[in-house]
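Novice: Structure: upload_27.csv, CSV, C-alpha atoms.
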```
chain,number,residue,atom,x,y,z
A,17,MET,CA,-6.9,54.2,7.5
A,18,SER,CA,-8.5,51.2,5.7
A,19,ARG,CA,-7.4,47.8,6.5
A,20,PHE,CA,-6.7,45.3,3.7
A,21,GLU,CA,-6.9,41.5,3.9
A,22,ASN,CA,-5.5,38.9,1.6
A,23,ARG,CA,-8.6,36.6,1.4
A,24,LEU,CA,-8.7,33.4,-0.5
A,25,PRO,CA,-11.3,33.2,-3.3
A,26,PRO,CA,-14.4,31.0,-2.8
A,27,GLU,CA,-14.1,27.4,-3.7
A,28,ASN,CA,-15.3,26.2,-7.1
A,29,ILE,CA,-15.5,29.8,-8.4
A,30,ASN,CA,-14.5,28.6,-11.9
A,31,VAL,CA,-16.8,25.6,-12.0
A,32,SER,CA,-19.8,26.1,-14.3
A,33,LYS,CA,-23.2,25.3,-12.8
A,34,ASN,CA,-24.4,24.1,-16.2
A,35,ASN,CA,-24.1,20.6,-17.6
A,36,LEU,CA,-21.1,20.8,-19.9
A,37,LEU,CA,-22.1,17.6,-21.8
A,38,LEU,CA,-25.5,18.9,-22.4
A,39,GLU,CA,-24.1,22.2,-23.7
A,40,PHE,CA,-21.8,20.3,-26.0
A,41,VAL,CA,-24.7,18.3,-27.4
A,42,TRP,CA,-26.7,21.5,-28.0
A,43,LEU,CA,-23.6,22.9,-29.7
A,44,LEU,CA,-23.4,19.9,-32.0
A,45,ALA,CA,-27.1,20.1,-32.7
A,46,GLY,CA,-26.9,23.8,-33.6
A,47,VAL,CA,-24.0,23.1,-35.9
A,48,ALA,CA,-25.9,20.2,-37.6
A,49,LEU,CA,-29.0,22.3,-38.1
A,50,SER,CA,-27.0,25.2,-39.5
A,51,VAL,CA,-25.2,22.9,-41.9
A,52,ILE,CA,-28.5,21.3,-43.0
A,53,ALA,CA,-30.0,24.7,-43.7
A,54,LEU,CA,-26.8,25.9,-45.5
A,55,VAL,CA,-26.6,22.7,-47.6
A,56,GLY,CA,-30.3,22.9,-48.5
A,57,VAL,CA,-30.1,26.5,-49.6
A,58,VAL,CA,-26.9,26.0,-51.6
A,59,TYR,CA,-28.1,22.8,-53.1
A,60,VAL,CA,-31.4,24.4,-54.3
A,61,ALA,CA,-29.5,27.4,-55.6
A,62,GLY,CA,-27.1,25.2,-57.6
A,63,SER,CA,-30.0,23.0,-58.9
A,64,LEU,CA,-32.0,26.0,-60.1
A,65,LEU,CA,-29.0,27.4,-61.9
A,66,ALA,CA,-28.3,24.0,-63.6
A,67,ARG,CA,-32.0,23.7,-64.5
A,68,HIS,CA,-31.7,26.9,-66.6
A,69,ILE,CA,-28.8,25.6,-68.7
A,70,PRO,CA,-30.2,25.2,-72.2
A,71,LEU,CA,-30.9,21.6,-73.3
A,72,SER,CA,-28.8,22.2,-76.4
A,73,TRP,CA,-25.8,22.9,-74.2
A,74,GLU,CA,-26.4,19.8,-72.1
A,75,ASN,CA,-26.8,17.6,-75.1
A,76,ARG,CA,-23.5,18.7,-76.6
A,77,ILE,CA,-21.7,18.1,-73.3
A,78,ALA,CA,-23.4,14.7,-73.0
A,79,ASP,CA,-22.5,13.6,-76.5
A,80,ALA,CA,-18.9,14.2,-75.7
A,81,LEU,CA,-19.0,12.3,-72.5
A,82,TYR,CA,-21.3,9.4,-73.6
A,83,PRO,CA,-20.8,8.5,-77.3
A,84,ARG,CA,-23.9,7.0,-78.8
A,85,ALA,CA,-24.1,3.2,-79.1
A,86,MET,CA,-23.1,2.0,-82.6
A,87,PRO,CA,-26.1,1.5,-85.0
A,88,GLU,CA,-25.3,-2.3,-85.3
A,89,ASP,CA,-25.9,-2.7,-81.6
A,90,ALA,CA,-29.3,-4.4,-81.9
A,91,ARG,CA,-29.9,-4.6,-78.2
A,92,SER,CA,-29.5,-0.8,-77.7
A,93,LEU,CA,-31.8,-0.3,-80.7
A,94,THR,CA,-34.4,-2.6,-79.1
A,95,LEU,CA,-34.3,-0.6,-75.9
A,96,GLN,CA,-34.5,2.6,-77.9
A,97,LYS,CA,-37.6,1.5,-79.7
A,98,LEU,CA,-39.3,0.7,-76.4
A,99,ALA,CA,-38.4,4.1,-75.1
A,100,ASP,CA,-39.7,5.8,-78.2
A,101,ARG,CA,-43.0,4.1,-77.8
A,102,LEU,CA,-43.2,5.2,-74.2
A,103,ALA,CA,-42.2,8.8,-75.1
A,104,LYS,CA,-45.4,9.2,-77.1
A,105,GLY,CA,-47.2,9.4,-73.9
A,106,LEU,CA,-45.2,12.4,-72.7
A,107,ILE,CA,-45.2,16.1,-73.5
A,108,LEU,CA,-41.5,16.8,-73.9
A,109,PRO,CA,-39.7,20.2,-74.0
A,110,GLN,CA,-38.1,21.1,-77.3
A,111,GLU,CA,-34.6,19.5,-77.7
A,112,MET,CA,-35.3,16.9,-75.0
A,113,ARG,CA,-34.4,13.4,-76.1
A,114,PHE,CA,-33.8,9.9,-74.9
A,115,ARG,CA,-30.8,7.9,-75.9
A,116,LEU,CA,-30.8,4.3,-74.8
A,117,THR,CA,-27.6,2.2,-74.4
A,118,TYR,CA,-27.3,-1.5,-73.5
A,119,VAL,CA,-24.5,-2.2,-71.1
A,120,ASP,CA,-23.2,-5.7,-71.5
A,121,ASP,CA,-22.2,-6.6,-67.9
A,122,ASN,CA,-23.6,-8.3,-64.8
A,123,GLU,CA,-24.3,-5.2,-62.8
A,124,VAL,CA,-27.9,-4.9,-61.6
A,125,ASN,CA,-28.3,-1.3,-62.5
A,126,ALA,CA,-29.9,1.3,-64.8
A,127,TYR,CA,-29.3,5.1,-64.7
A,128,ALA,CA,-29.9,8.3,-66.6
A,129,SER,CA,-27.1,10.7,-67.3
A,130,LEU,CA,-26.7,14.1,-69.0
A,131,GLY,CA,-28.4,14.8,-72.3
A,132,GLY,CA,-31.1,12.1,-71.9
A,133,HIS,CA,-28.6,9.2,-72.1
A,134,ILE,CA,-30.0,6.1,-70.3
A,135,HIS,CA,-27.9,3.1,-69.6
A,136,ILE,CA,-29.5,-0.3,-68.9
A,137,HIS,CA,-27.2,-3.1,-67.7
A,138,ARG,CA,-27.6,-6.8,-68.8
A,139,GLY,CA,-27.5,-7.8,-65.1
A,140,LEU,CA,-30.7,-6.0,-64.5
A,141,ILE,CA,-32.5,-7.3,-67.6
A,142,THR,CA,-31.7,-10.9,-66.5
A,143,ARG,CA,-33.8,-10.3,-63.4
A,144,LEU,CA,-36.9,-9.2,-65.3
A,145,ASN,CA,-39.5,-11.5,-66.8
A,146,SER,CA,-41.5,-9.2,-69.1
A,147,GLU,CA,-41.4,-6.2,-71.4
A,148,ASN,CA,-43.7,-4.4,-69.0
A,149,ALA,CA,-41.1,-4.6,-66.2
A,150,LEU,CA,-38.4,-3.4,-68.6
A,151,ALA,CA,-40.7,-0.6,-69.6
A,152,MET,CA,-41.1,0.4,-66.0
A,153,VAL,CA,-37.3,0.6,-65.5
A,154,ILE,CA,-36.9,2.7,-68.7
A,155,ALA,CA,-39.8,4.9,-67.8
A,156,HIS,CA,-38.3,5.6,-64.4
A,157,GLU,CA,-35.1,6.8,-66.0
A,158,MET,CA,-37.0,8.8,-68.6
A,159,ALA,CA,-38.8,10.5,-65.8
A,160,HIS,CA,-35.4,11.6,-64.3
A,161,VAL,CA,-34.5,13.1,-67.7
A,162,LEU,CA,-37.9,14.8,-68.0
A,163,HIS,CA,-37.6,16.3,-64.5
A,164,ARG,CA,-33.9,17.3,-65.3
A,165,ASP,CA,-32.9,15.5,-62.1
A,166,VAL,CA,-29.4,14.7,-63.5
A,167,ALA,CA,-28.5,18.3,-64.2
A,168,ASP,CA,-30.2,19.4,-60.9
A,169,SER,CA,-28.2,16.8,-58.9
A,170,MET,CA,-24.9,17.7,-60.6
A,171,GLY,CA,-25.5,21.5,-60.2
A,172,GLY,CA,-26.6,21.1,-56.6
A,173,SER,CA,-23.7,18.8,-55.6
A,174,MET,CA,-21.1,21.0,-57.2
A,175,ALA,CA,-22.5,24.1,-55.4
A,176,VAL,CA,-22.5,22.3,-52.1
A,177,GLY,CA,-18.9,21.0,-52.7
A,178,ALA,CA,-17.7,24.5,-53.5
A,179,ALA,CA,-19.4,25.9,-50.4
A,180,MET,CA,-17.9,23.2,-48.1
A,181,LEU,CA,-14.5,23.8,-49.6
A,182,LEU,CA,-14.7,27.5,-48.8
A,183,LEU,CA,-15.9,26.8,-45.3
A,184,SER,CA,-13.4,24.0,-44.4
A,185,PRO,CA,-10.6,26.5,-43.4
A,186,VAL,CA,-13.1,28.3,-41.2
A,187,ILE,CA,-14.3,25.1,-39.4
A,188,GLY,CA,-10.7,23.9,-38.9
A,189,VAL,CA,-11.5,21.1,-36.5
A,190,ASP,CA,-11.4,17.5,-37.7
A,191,GLY,CA,-14.4,16.4,-35.6
A,192,LEU,CA,-16.6,19.2,-36.9
A,193,ASN,CA,-15.4,18.6,-40.4
A,194,SER,CA,-16.6,15.0,-40.0
A,195,LEU,CA,-19.9,16.1,-38.7
A,196,VAL,CA,-20.4,18.6,-41.5
A,197,GLY,CA,-19.6,15.9,-44.1
A,198,PHE,CA,-22.0,13.4,-42.5
A,199,VAL,CA,-24.8,16.0,-42.3
A,200,GLN,CA,-24.1,17.1,-45.9
A,201,ASP,CA,-24.3,13.4,-47.1
A,202,LEU,CA,-27.7,12.9,-45.3
A,203,THR,CA,-29.1,16.1,-46.8
A,204,LEU,CA,-28.1,15.3,-50.4
A,205,LYS,CA,-29.6,11.8,-50.0
A,206,SER,CA,-32.8,13.4,-48.9
A,207,PHE,CA,-33.0,15.4,-52.1
A,208,SER,CA,-32.2,12.2,-54.0
A,209,ARG,CA,-35.0,10.3,-52.4
A,210,GLU,CA,-37.4,13.0,-53.3
A,211,ALA,CA,-36.3,12.8,-57.0
A,212,GLU,CA,-36.6,9.0,-57.0
A,213,ALA,CA,-40.2,9.2,-55.5
A,214,ARG,CA,-41.2,11.8,-58.2
A,215,ALA,CA,-39.7,9.6,-60.9
A,216,ASP,CA,-41.7,6.6,-59.6
A,217,ASP,CA,-44.9,8.5,-59.8
A,218,THR,CA,-44.3,9.6,-63.4
A,219,ALA,CA,-43.1,6.2,-64.5
A,220,ILE,CA,-46.1,4.4,-62.9
A,221,ALA,CA,-48.6,6.7,-64.6
A,222,LEU,CA,-46.8,6.4,-67.9
A,223,VAL,CA,-46.5,2.6,-67.9
A,224,GLY,CA,-50.0,2.2,-66.6
A,225,ARG,CA,-51.4,4.3,-69.4
A,226,HIS,CA,-49.3,2.5,-72.0
A,227,TYR,CA,-50.3,-1.1,-71.0
A,228,GLY,CA,-53.6,-0.5,-69.3
A,229,HIS,CA,-52.4,-2.0,-65.9
A,230,LEU,CA,-49.4,-1.8,-63.5
A,231,GLY,CA,-48.2,-5.4,-63.6
A,232,GLY,CA,-44.8,-4.4,-64.9
A,233,ALA,CA,-44.3,-1.8,-62.1
A,234,ARG,CA,-45.3,-4.3,-59.5
A,235,GLU,CA,-42.8,-6.9,-60.9
A,236,VAL,CA,-40.0,-4.4,-60.7
A,237,PHE,CA,-40.7,-3.5,-57.1
A,238,ASP,CA,-41.1,-7.2,-56.2
A,239,GLU,CA,-37.8,-8.0,-57.9
A,240,LEU,CA,-36.1,-5.1,-56.2
A,241,ALA,CA,-37.2,-6.4,-52.8
A,242,ALA,CA,-35.9,-9.9,-53.7
A,243,TYR,CA,-32.5,-8.4,-54.8
A,244,GLU,CA,-32.2,-6.4,-51.6
A,245,LYS,CA,-32.8,-9.5,-49.6
A,246,GLU,CA,-30.2,-11.4,-51.5
A,247,ALA,CA,-27.7,-8.6,-51.1
A,248,VAL,CA,-28.5,-8.0,-47.4
A,249,LEU,CA,-29.5,-4.4,-48.1
A,250,LEU,CA,-32.6,-4.4,-46.1
A,251,ALA,CA,-30.7,-3.4,-43.0
A,252,THR,CA,-29.9,0.0,-44.5
A,253,PRO,CA,-32.3,2.7,-43.0
A,254,GLU,CA,-34.1,4.8,-45.5
A,255,LEU,CA,-32.4,7.9,-44.0
A,256,LEU,CA,-29.0,6.6,-45.2
A,257,SER,CA,-30.2,5.6,-48.6
A,258,THR,CA,-30.5,7.5,-51.9
A,259,HIS,CA,-33.8,5.6,-52.7
A,260,PRO,CA,-37.1,5.4,-50.8
A,261,ASP,CA,-37.8,2.2,-48.9
A,262,THR,CA,-38.9,-0.5,-51.3
A,263,LEU,CA,-42.0,-1.5,-49.2
A,264,ARG,CA,-43.0,2.1,-49.1
A,265,ARG,CA,-42.6,2.3,-52.9
A,266,THR,CA,-44.8,-0.8,-53.3
A,267,ASN,CA,-47.5,0.7,-51.1
A,268,LEU,CA,-47.4,4.0,-53.0
A,269,LEU,CA,-47.8,2.0,-56.2
A,270,ILE,CA,-51.0,0.4,-54.8
A,271,GLU,CA,-52.4,3.8,-53.8
A,272,LEU,CA,-51.5,5.4,-57.1
A,273,GLY,CA,-53.1,2.5,-59.0
A,274,LYS,CA,-56.3,3.2,-57.1
A,275,THR,CA,-56.1,6.9,-57.8
A,276,LEU,CA,-55.5,6.3,-61.6
A,277,ASN,CA,-58.1,3.5,-61.7
A,278,LEU,CA,-55.5,1.1,-63.0
A,279,PRO,CA,-55.4,-2.6,-62.0
A,280,LEU,CA,-52.2,-3.9,-60.4
A,281,GLU,CA,-52.2,-7.1,-62.6
A,282,GLY,CA,-52.7,-7.7,-66.3
A,283,ARG,CA,-51.4,-9.5,-69.3
A,284,LEU,CA,-47.6,-9.2,-69.5
A,285,ARG,CA,-45.7,-9.1,-72.8
A,286,PRO,CA,-42.6,-11.2,-73.2
A,287,LEU,CA,-39.1,-9.6,-73.2
A,288,PRO,CA,-37.8,-8.8,-76.7
A,289,THR,CA,-36.1,-11.9,-78.2
A,290,ASP,CA,-32.7,-10.3,-78.7
A,291,LEU,CA,-32.6,-9.3,-75.1
A,292,ILE,CA,-33.5,-12.8,-73.9
A,293,LYS,CA,-30.7,-14.2,-76.0
A,294,ALA,CA,-28.3,-11.6,-74.5
A,295,GLU,CA,-29.1,-12.9,-71.1
A,296,LYS,CA,-27.6,-16.3,-71.8
```
Could I get this file's structure written as structure tokens?
Specialist:
Amino acid sequence: MSRFENRLPPENINVSKNNLLLEFVWLLAGVALSVIALVGVVYVAGSLLARHIPLSWENRIADALYPRAMPEDARSLTLQKLADRLAKGLILPQEMRFRLTYVDDNEVNAYASLGGHIHIHRGLITRLNSENALAMVIAHEMAHVLHRDVADSMGGSMAVGAAMLLLSPVIGVDGLNSLVGFVQDLTLKSFSREAEARADDTAIALVGRHYGHLGGAREVFDELAAYEKEAVLLATPELLSTHPDTLRRTNLLIELGKTLNLPLEGRLRPLPTDLIKAEK
């Protein structure tokens, strides 16, 4: 007859031999990489879908969202004339257009929106000293329109937002939700920096051909660096920014100038009179 014993289990039988902190770090890294891959795929899919929206549709939507400046707005018309001159150096798709609007406030900003609407704020113009520099700002925003960056960004962001909304009940943990949101933000900013760098290249080439030198582009980047220093923005790492590092943009300007055989300096044209009066 067998004899049974009531033996105690070995000590530490339920203690893992692996480093739990290291396993947790690897888990977070795996989640982050998975989210980066997911966000990238979904963003690209949404962008490609938005890119195929007919320009005529985008123009109608934009006109409803951004009413055209009134004809008597001389400053908007001055900006429009400069954009029209620059546009002669571009090959544009049918129905693509540029609609310039002067925004009378102190914000140092310029941006492109749907349907080729480009908004230039007085606060930015007051920091510029030449038509060449203003042309560089306008050309940069025109490049966003040409590349359809606005529609791409909206389509990609909406697709990512929808995907994250569907996944949030699955994730279900506040900490992981925060991680997913952080990684999503970094990924979208990466796409934004790529679009900004591409717009810089197009604008530099366009302004360089138009004026025969890159003095205006250099002025914009120098002024941007000065503004960042005043606003204490230099401490923001490029990874956390929607725009490339200003020093890097300046260095790329120098390299592109060599490639295009365009001098970095040249005769600068004065700002249009009505825009100078608007500064005061």
Novice: So, counting all atoms listed in the file, which residue among A:Glu246, A:Asn148, A:Leu280, A:Thr266 is closest to A:His229?
Specialist: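 Among A:Glu246, A:Asn148, A:Leu280, A:Thr266, it is A:Leu280 that comes nearest to A:His229.
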Novice: Nearest to A:Ile270: which of A:Leu284, A:Ile292, A:Thr142, A:Gly231 is it, counting only C-alpha atoms?
Specialist: A:Gly231
Novice: If we count only C-alpha atoms and set the cut-off at 7 Å, which residues sit around stretch 72-74 of chain A, ignoring sequence neighbours fewer than 3 positions away in its own chain? Please answer as a PyMOL selection string.
Specialist: chain A and resi 69+77-78+111+130-131
Novice: Report, in Å with one decimal, the straight-line distance from atom CA of A:Glu212 to atom CA of A:Arg143.
Specialist: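 Interatomic distance here is 20.5 Å.
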Novice: Pick out the closest residue to A:Ser169 from this set: A:Arg265, A:His137, A:Arg101, A:Arg209. Count all atoms listed in the file.
Specialist: A:Arg209
Novice: Write out as a PyMOL selection string the residues lying within 10 Å of A:Glu157, counting only C-alpha atoms and excluding same-chain residues fewer than 4 positions away.
Specialist: chain A and resi 114+126-129+132-136+151-153+161-163+165+212+215-216+218-219
Novice: In Å, rounded to a single decimal, give me how far atom CA of A:Leu116 is from atom CA of A:Leu95.
Specialist: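 So the answer is 6.1 Å.
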Novice: Quick one: residues within 8 Å of A:Arg67, all atoms listed in the file, excluding same-chain residues fewer than 5 positions away - as a ChimeraX atom specification?
Specialist: /A:164,167-168
Novice: Could you state the separation of atom CA of A:Pro288 and atom CA of A:Ile107 in Å, given to one decimal place?
Specialist: 26.2 Å
Novice: Can you pull out the residues contacting A:Gly228? Cut-off 12 Å, using only C-alpha atoms, and skip same-chain residues under 4 positions away; I want them as a list of chain:residue names.
Specialist: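 The neighbour list is A:Asn148, A:Ile220, A:Ala221, A:Leu222, A:Val223, A:Gly224, A:Gly232, A:Ala233, A:Gly273, A:Leu276, A:Asn277, A:Leu278, A:Pro279, A:Leu280, A:Glu281, A:Gly282, A:Arg283, A:Leu284.
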Novice: Which one of A:His68, A:Lys274, A:Lys97, A:Arg214 sits closest to A:Glu147 if you count all atoms listed in the file?
Specialist: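 When distances to A:Glu147 are compared using all atoms listed in the file, the smallest one comes from A:Lys97.
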Novice: As an MDAnalysis selection string, please: the residues near A:Asp238 (cut-off 12 Å, all atoms listed in the file, same-chain neighbours under 2 positions excluded).
Specialist: chainID A and resid 143:145 149 231:236 240:245 262:267 269
